[in-house]
Structures are given as structure tokens and as C-alpha cells.
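A.B. asks: Next up is a structure, given as C-alpha cells.
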Amino acid sequence: MGLVDGKVAMVTGAAAGIGRATALKFAGEGARVVVSDIDIEGGEETARMIADAGGQALFVACDTSDADQIDALVAKTVDTYGQLDCACNNAGIEGKIMPLVDQTMDNYDRIMAVNARGTFLCMKAEIAQMLKTGGGAIVNLASVAGLIGFPGLSPYVASKHAVNGMTKNAALEYGKAGIRINSVCPGGIDTRMLDSLAEQATQGAQDSHEMLDPLHPIGRIGVPDEVAGAIVWLSSPAASFVTGINMPVDGGFVAQ
Ligand SMILES: NC(=O)c1ccc[n+]([C@@H]2O[C@H](COP(=O)([O-])OP(=O)(O)OC[C@H]3O[C@@H](n4cnc5c(N)ncnc54)[C@H](O)[C@@H]3O)[C@@H](O)[C@H]2O)c1
């Protein structure tokens, strides 16, 4: 018996990293999964990995900074599998590391468009659908950068604080409608994004393990599957009384 047996789950940014691990975990725990990303090749590969393991998955291309594409993604999910029970709004970008004074507004606008506005648009479309069937569960990808600051990352930090704020607000608005809405706040997780951040922060002098393993109280950065486990649990009936939280999954990073 899986944690999400019989459910239909949708994951954005699921061509790689945390999104791919989450799509695989949803399928492993019994859900039919809509895999979505702007990266078509990677997204189709994730769907294939699920099918090869005996699960059911469909890939749908979607840029989460575009409202029409998000509406089409939710419509395709319902057309194919009849409902939407669990949604993980994972697509995100890191942008460029620079002190605030040197930040370009292009960098700020793009980060906000994908991370903050994209998550807002996804929730709008997902909640509208979930209201039709009487409930559901949403997990947004924030970050430890949604709880505390990181010098050089002001647009990213702003976008992830926005995700945590809109998560709490949506949870208040839709709790009585049977929709639970939470976020996870990962620490350093071994993905392309973390490699890019470490490369930028140290000008290539250190990789993400050298730079970030010692900064986590648990002694290492995490792996995508460790975040996926928290996301699928939060999405499942096992978390039926949990809503409106911004849950660190960070090896103790923000406990310091
Ligand atoms: N890796 C970390 O250390 C870490 C820590 C905290 C939070 N996060 C958050 O977790 C999420 C996933 O990060 P990751 O580390 O797996 O990154 P990643 O770069 O490995 O994967 C991100 C995926 O999102 C997709 N994507 C980017 N822009 C998109 C768009 N506009 N529409 C649809 N898809 C888009 C990419 O194609 C990619 O497949 C992000 O929201 C990130 O901010 C990551």
C-alpha cells in the first residue's frame, strides 16, 4: 500500500533534480504522475523512468512563468487522468549571485517571474481545479533562502520568502475547502542548481560539497530523494492535519 495510492499528482520542473526525484517518488507510492518542465528531453526521460518501473506517467511541456501554459497543463492532467489530487510546484531558477547594488533588474524580474509569480499562477490553476473535486494537497518548493538571508542572493531570497508567504496565505483561504497547502525549505541539495551556486560563489574554486558540506550540521548536503520523501508525505493522507507550514528539510541548517 503506497502513501498516495490512486491519487493523481502533478510536478513542475520535473526533468531533473528535486522535481524528477519527486515525480519518481509519487509514482513509487502509487500515484499516476504528470511530469512537466520546459526541458522536453529531460521531462520525457523522467516519464519513461516511471513507466519502466511499472508506473503511469505523462509528460506535458510547460513554462511556469506563462499563465496560459499552466492552465493548459492542469486541463491536460484532468483530461488524461480525470482529477488532480496532489501538485508540487517545484520549477525554479537561481539566477546570478551579486550584491544588491549590482543586481540587474533583468535578473530580479526573471527570478520573480519563475519562482514567485510562477508558483502563484500554479496555485491559482490547481486550487480552482481542486475546488471542483472537494480537495487536494499542494507542496511548494521554497528554500532555506525563504527563511533566512544569503548575501548575494537578494532576488532569490525575495522570491522564496514570497513562496513561503503565499503558501501560508493560501492554506488559510482553502483549509475549509479540504485543500492543504505547505512548502518545503531544502538546505543544500546535490543538483545542477547547487553546482551553479557554488561555482558562482567561489568562482569555480570549490564544488558544492567542498563549499557546503561543512555548513550543514548533519555534515553533508542532501540528495533530491530526501526532499522528495518529505514532499510526498506532506501530499499524502498521512499528513492530514498539516497545513500552512514552511518545513525545513535541511540537515539542521536553520537550527544554527
Ligand atoms: N538544489 C538545492 O540546493 C535547492 C535548495 C533549496 C531549494 N531548491 C529549490 O528546489 C527546486 C528545484 O531545484 P533543483 O535544485 O532540482 O534545480 P534544477 O536546476 O536541477 O532543476 C530545476 C528544473 O526546473 C526546470 N525549470 C526551470 N525554469 C522553468 C520554468 N520556467 N518552467 C518550468 N520548468 C522550469 C528546469 O528545466 C529543471 O528541470 C527549485 O525551486 C529550487 O529553487 C533547491
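Every chain in the C-alpha cells has a letter given in the order shown (A, B, ...), and although residue numbers restart at 1 in each chain, ligands are simply numbered from 1 in the order shown.
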Report as a tab-separated table: every residue of chain A with an atom at most 7 Å from ligand 1, its closest pair of atoms, and their distance in Å to one decimal, counting only C-alpha atoms and all ligand atoms, with rows sorted by chain and ascending residue number.

C.D. replies:
residue	atom	partner	partner_atom_place_in_ligand_line	distance
A:Thr12	CA	ligand 1	34 (N)	5.9
A:Gly13	CA	ligand 1	24 (O)	3.5
A:Ala14	CA	ligand 1	39 (O)	5.5
A:Ala15	CA	ligand 1	39 (O)	4.1
A:Ala16	CA	ligand 1	39 (O)	4.4
A:Gly17	CA	ligand 1	16 (O)	3.5
A:Ile18	CA	ligand 1	16 (O)	3.8
A:Gly19	CA	ligand 1	16 (O)	5.6
A:Ser36	CA	ligand 1	33 (C)	6.9
A:Asp37	CA	ligand 1	34 (N)	4.0
A:Ile38	CA	ligand 1	33 (C)	4.6
A:Asp39	CA	ligand 1	37 (O)	4.8
A:Cys62	CA	ligand 1	33 (C)	5.6
A:Asp63	CA	ligand 1	32 (N)	3.5
A:Thr64	CA	ligand 1	32 (N)	4.1
A:Ser65	CA	ligand 1	31 (N)	5.2
A:Asn90	CA	ligand 1	41 (O)	4.7
A:Ala91	CA	ligand 1	24 (O)	4.0
A:Gly92	CA	ligand 1	41 (O)	3.5
A:Ile93	CA	ligand 1	27 (C)	5.5
A:Glu94	CA	ligand 1	43 (O)	6.2
A:Val114	CA	ligand 1	31 (N)	5.1
A:Asn115	CA	ligand 1	41 (O)	6.5
A:Leu141	CA	ligand 1	41 (O)	5.0
A:Ala142	CA	ligand 1	7 (C)	5.6
A:Ser143	CA	ligand 1	6 (C)	3.9
A:Val144	CA	ligand 1	6 (C)	6.2
A:Cys185	CA	ligand 1	6 (C)	6.0
A:Pro186	CA	ligand 1	6 (C)	4.2
A:Gly187	CA	ligand 1	5 (C)	5.1
A:Gly188	CA	ligand 1	3 (O)	3.6
A:Ile189	CA	ligand 1	3 (O)	3.7
A:Asp190	CA	ligand 1	1 (N)	5.8
A:Thr191	CA	ligand 1	20 (O)	4.8
A:Arg192	CA	ligand 1	20 (O)	4.4
A:Met193	CA	ligand 1	19 (O)	4.3
A:Leu194	CA	ligand 1	1 (N)	4.8

A.B. asks: Just write the chosen residues, C-alpha atoms, as a PDB file, in the first residue's frame.

C.D. replies:
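Okay, this is what ended up in result-v6.pdb:
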ATOM      1  CA  THR A  12       6.580  21.104 -12.342  1.00  0.00           C
ATOM      2  CA  GLY A  13      10.290  21.308 -13.128  1.00  0.00           C
ATOM      3  CA  ALA A  14      10.407  17.508 -13.116  1.00  0.00           C
ATOM      4  CA  ALA A  15      13.046  16.962 -15.826  1.00  0.00           C
ATOM      5  CA  ALA A  16      15.876  16.916 -13.284  1.00  0.00           C
ATOM      6  CA  GLY A  17      16.939  17.313  -9.673  1.00  0.00           C
ATOM      7  CA  ILE A  18      14.363  17.520  -6.886  1.00  0.00           C
ATOM      8  CA  GLY A  19      11.423  17.581  -9.345  1.00  0.00           C
ATOM      9  CA  SER A  36       6.117  18.840 -16.520  1.00  0.00           C
ATOM     10  CA  ASP A  37       9.101  21.021 -17.477  1.00  0.00           C
ATOM     11  CA  ILE A  38      10.441  23.383 -20.149  1.00  0.00           C
ATOM     12  CA  ASP A  39      13.145  20.759 -20.782  1.00  0.00           C
ATOM     13  CA  CYS A  62       5.015  23.848 -19.546  1.00  0.00           C
ATOM     14  CA  ASP A  63       6.832  27.100 -18.767  1.00  0.00           C
ATOM     15  CA  THR A  64       5.543  28.078 -15.329  1.00  0.00           C
ATOM     16  CA  SER A  65       6.090  31.772 -15.978  1.00  0.00           C
ATOM     17  CA  ASN A  90       8.933  22.811  -7.916  1.00  0.00           C
ATOM     18  CA  ALA A  91      10.144  24.696 -11.034  1.00  0.00           C
ATOM     19  CA  GLY A  92      12.663  27.344 -10.020  1.00  0.00           C
ATOM     20  CA  ILE A  93      15.813  29.149 -11.055  1.00  0.00           C
ATOM     21  CA  GLU A  94      18.767  30.503  -9.089  1.00  0.00           C
ATOM     22  CA  VAL A 114       9.530  31.843 -12.392  1.00  0.00           C
ATOM     23  CA  ASN A 115       9.869  31.343  -8.629  1.00  0.00           C
ATOM     24  CA  LEU A 141       9.336  24.468  -3.246  1.00  0.00           C
ATOM     25  CA  ALA A 142      10.694  27.286  -1.149  1.00  0.00           C
ATOM     26  CA  SER A 143      14.193  27.033   0.365  1.00  0.00           C
ATOM     27  CA  VAL A 144      16.157  27.831   3.490  1.00  0.00           C
ATOM     28  CA  CYS A 185      12.556  24.582   2.571  1.00  0.00           C
ATOM     29  CA  PRO A 186      15.531  22.492   1.453  1.00  0.00           C
ATOM     30  CA  GLY A 187      19.095  23.210   2.501  1.00  0.00           C
ATOM     31  CA  GLY A 188      21.865  22.432   0.014  1.00  0.00           C
ATOM     32  CA  ILE A 189      20.741  19.563  -2.238  1.00  0.00           C
ATOM     33  CA  ASP A 190      23.060  17.905  -4.745  1.00  0.00           C
ATOM     34  CA  THR A 191      21.653  19.145  -8.095  1.00  0.00           C
ATOM     35  CA  ARG A 192      22.683  21.264 -11.086  1.00  0.00           C
ATOM     36  CA  MET A 193      21.329  24.350  -9.321  1.00  0.00           C
ATOM     37  CA  LEU A 194      23.573  23.907  -6.275  1.00  0.00           C
TER      38      LEU A 194
END

A.B. asks: Counting only C-alpha atoms, what is within 12 Å of A:Ala21, bar same-chain residues fewer than 5 positions away, as number ranges by chain?

C.D. replies: A: 11-16, 26-28, 35, 43, 46-47, 49-50, 88, 90, 189-191, 223-232

A.B. asks: How far is it from atom CA of A:Asp5 to atom CA of A:Gly42, in Å with one decimal?

C.D. replies: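 Between atom CA of A:Asp5 and atom CA of A:Gly42 the gap is 25.4 Å.
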
A.B. asks: I need the residues of stretch 140-193 of chain A that end up classed as strand (DSSP E or B) by DSSP on the backbone, written out as a PyMOL selection string.

C.D. replies: chain A and resi 140-141+179-186+189

A.B. asks: Write out, as a PDB file, in the first residue's frame, the residues just selected, with C-alpha atoms.

C.D. replies:
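Output contents, as saved in result35.pdb:
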ATOM      1  CA  ASN A 140       5.539  24.476  -2.987  1.00  0.00           C
ATOM      2  CA  LEU A 141       9.336  24.468  -3.246  1.00  0.00           C
ATOM      3  CA  ILE A 179      -7.096  21.728   0.324  1.00  0.00           C
ATOM      4  CA  ARG A 180      -3.870  21.528   2.354  1.00  0.00           C
ATOM      5  CA  ILE A 181      -1.022  23.771   1.209  1.00  0.00           C
ATOM      6  CA  ASN A 182       2.542  23.544   2.560  1.00  0.00           C
ATOM      7  CA  SER A 183       6.061  24.351   1.449  1.00  0.00           C
ATOM      8  CA  VAL A 184       9.377  22.613   1.918  1.00  0.00           C
ATOM      9  CA  CYS A 185      12.556  24.582   2.571  1.00  0.00           C
ATOM     10  CA  PRO A 186      15.531  22.492   1.453  1.00  0.00           C
ATOM     11  CA  ILE A 189      20.741  19.563  -2.238  1.00  0.00           C
TER      12      ILE A 189
END

A.B. asks: Could you state the separation of atom CA of A:Ala61 and atom CA of A:Ile40 in Å, given to one decimal place?

C.D. replies: 6.2 Å

A.B. asks: Excluding same-chain residues fewer than 4 positions from A:Asp66, what lies within 12 Å of it counting only C-alpha atoms, as a compact mmCIF listing (two decimals) with N, CA and C atoms, in the first residue's frame?

C.D. replies:
# COMPACT_ATOMS: atom_id res chain seq x y z
N ILE A 38 10.11 22.77 -18.86
CA ILE A 38 10.44 23.38 -20.15
C ILE A 38 11.45 22.52 -20.90
N ALA A 61 4.83 19.56 -21.63
CA ALA A 61 5.74 20.72 -21.59
C ALA A 61 5.00 21.92 -21.02
N CYS A 62 5.66 22.66 -20.12
CA CYS A 62 5.02 23.85 -19.55
C CYS A 62 6.07 24.77 -18.96
N ILE A 70 0.18 27.08 -17.97
CA ILE A 70 -0.19 26.42 -16.71
C ILE A 70 -1.65 25.95 -16.77
N ASP A 71 -2.53 26.80 -17.27
CA ASP A 71 -3.94 26.40 -17.42
C ASP A 71 -4.04 25.15 -18.30
N ALA A 72 -3.25 25.15 -19.39
CA ALA A 72 -3.29 24.00 -20.31
C ALA A 72 -2.75 22.74 -19.63
N LEU A 73 -1.74 22.91 -18.76
CA LEU A 73 -1.17 21.77 -18.03
C LEU A 73 -2.22 21.14 -17.11
N ARG A 110 13.33 38.00 -13.84
CA ARG A 110 13.21 36.61 -14.29
C ARG A 110 13.05 35.65 -13.09
N ALA A 113 9.63 36.04 -11.79
CA ALA A 113 8.63 35.52 -12.73
C ALA A 113 8.49 34.01 -12.61
N VAL A 114 9.60 33.31 -12.47
CA VAL A 114 9.53 31.84 -12.39
C VAL A 114 9.20 31.40 -10.96
N ASN A 115 9.98 31.90 -9.99
CA ASN A 115 9.87 31.34 -8.63
C ASN A 115 8.62 31.84 -7.89
N ARG A 117 5.98 34.44 -9.10
CA ARG A 117 4.77 34.54 -9.92
C ARG A 117 4.35 33.17 -10.45
N GLY A 118 5.34 32.37 -10.85
CA GLY A 118 5.04 31.03 -11.37
C GLY A 118 4.34 30.16 -10.34
N THR A 119 4.82 30.21 -9.09
CA THR A 119 4.18 29.43 -8.03
C THR A 119 2.77 29.94 -7.77
N PHE A 120 2.61 31.26 -7.77
CA PHE A 120 1.28 31.86 -7.57
C PHE A 120 0.31 31.42 -8.67
N LEU A 121 0.77 31.51 -9.92
CA LEU A 121 -0.08 31.10 -11.05
C LEU A 121 -0.44 29.62 -10.98
N CYS A 122 0.53 28.80 -10.61
CA CYS A 122 0.25 27.36 -10.49
C CYS A 122 -0.80 27.13 -9.43
N ALA A 125 -4.38 27.99 -10.64
CA ALA A 125 -4.99 26.99 -11.53
C ALA A 125 -5.29 25.69 -10.79

A.B. asks: Quick one: DSSP alpha helix (DSSP H) residues in stretch 26-97 of chain A, as an MDAnalysis selection string?

C.D. replies: chainID A and resid 26:28 40:52 67:81

A.B. asks: Those same residues, written as a short mmCIF file (atom, residue, chain, number, x, y, z; two decimals), in the first residue's frame with C-alpha atoms?

C.D. replies:
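Result file is result-v6.cif:
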data_model
loop_
_atom_site.label_atom_id
_atom_site.label_comp_id
_atom_site.auth_asym_id
_atom_site.auth_seq_id
_atom_site.Cartn_x
_atom_site.Cartn_y
_atom_site.Cartn_z
CA PHE A 26 4.96 9.90 -6.22
CA ALA A 27 4.84 7.07 -8.75
CA GLY A 28 6.61 4.66 -6.38
CA ILE A 40 11.31 18.36 -23.09
CA GLU A 41 14.07 15.76 -23.39
CA GLY A 42 14.63 15.54 -19.63
CA GLY A 43 10.91 15.56 -18.88
CA GLU A 44 10.20 12.75 -21.31
CA GLU A 45 13.05 10.79 -19.75
CA THR A 46 11.52 11.18 -16.26
CA ALA A 47 8.16 9.91 -17.60
CA ARG A 48 9.98 6.98 -19.24
CA MET A 49 11.78 6.15 -15.97
CA ILE A 50 8.39 5.96 -14.22
CA ALA A 51 6.90 3.75 -16.96
CA ASP A 52 9.99 1.48 -16.93
CA ALA A 67 -0.36 31.53 -17.21
CA ASP A 68 -1.85 30.03 -20.39
CA GLN A 69 0.63 27.14 -20.36
CA ILE A 70 -0.19 26.42 -16.71
CA ASP A 71 -3.94 26.40 -17.42
CA ALA A 72 -3.29 24.00 -20.31
CA LEU A 73 -1.17 21.77 -18.03
CA VAL A 74 -3.93 21.45 -15.44
CA ALA A 75 -6.53 20.87 -18.20
CA LYS A 76 -4.38 18.13 -19.77
CA THR A 77 -3.93 16.46 -16.36
CA VAL A 78 -7.69 16.33 -15.80
CA ASP A 79 -8.42 15.26 -19.40
CA THR A 80 -5.96 12.38 -19.07
CA TYR A 81 -6.41 11.15 -15.51
#

A.B. asks: Please list as a PyMOL selection string every residue within 12 Å of A:Gly149, counting only C-alpha atoms and excluding residues in the same chain fewer than 4 positions away.

C.D. replies: chain A and resi 143-145+153-161+254

A.B. asks: Measuring atom to atom with only C-alpha atoms, identify which of A:Val8, A:Ile148, A:Met98, A:Gly222 is nearest to A:Leu197.

C.D. replies: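 For A:Leu197, the nearest of the candidates is A:Met98.
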
A.B. asks: Env of A:Thr133: 10 Å cut, atoms = only C-alpha atoms, seq-sep filter 5 positions within chain, self excluded. Answer as a list in words.

C.D. replies: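 Here the qualifying residues turn out to be Gln83, Leu84, Asp85, Ala128, Ala177 and Gly178 of chain A.
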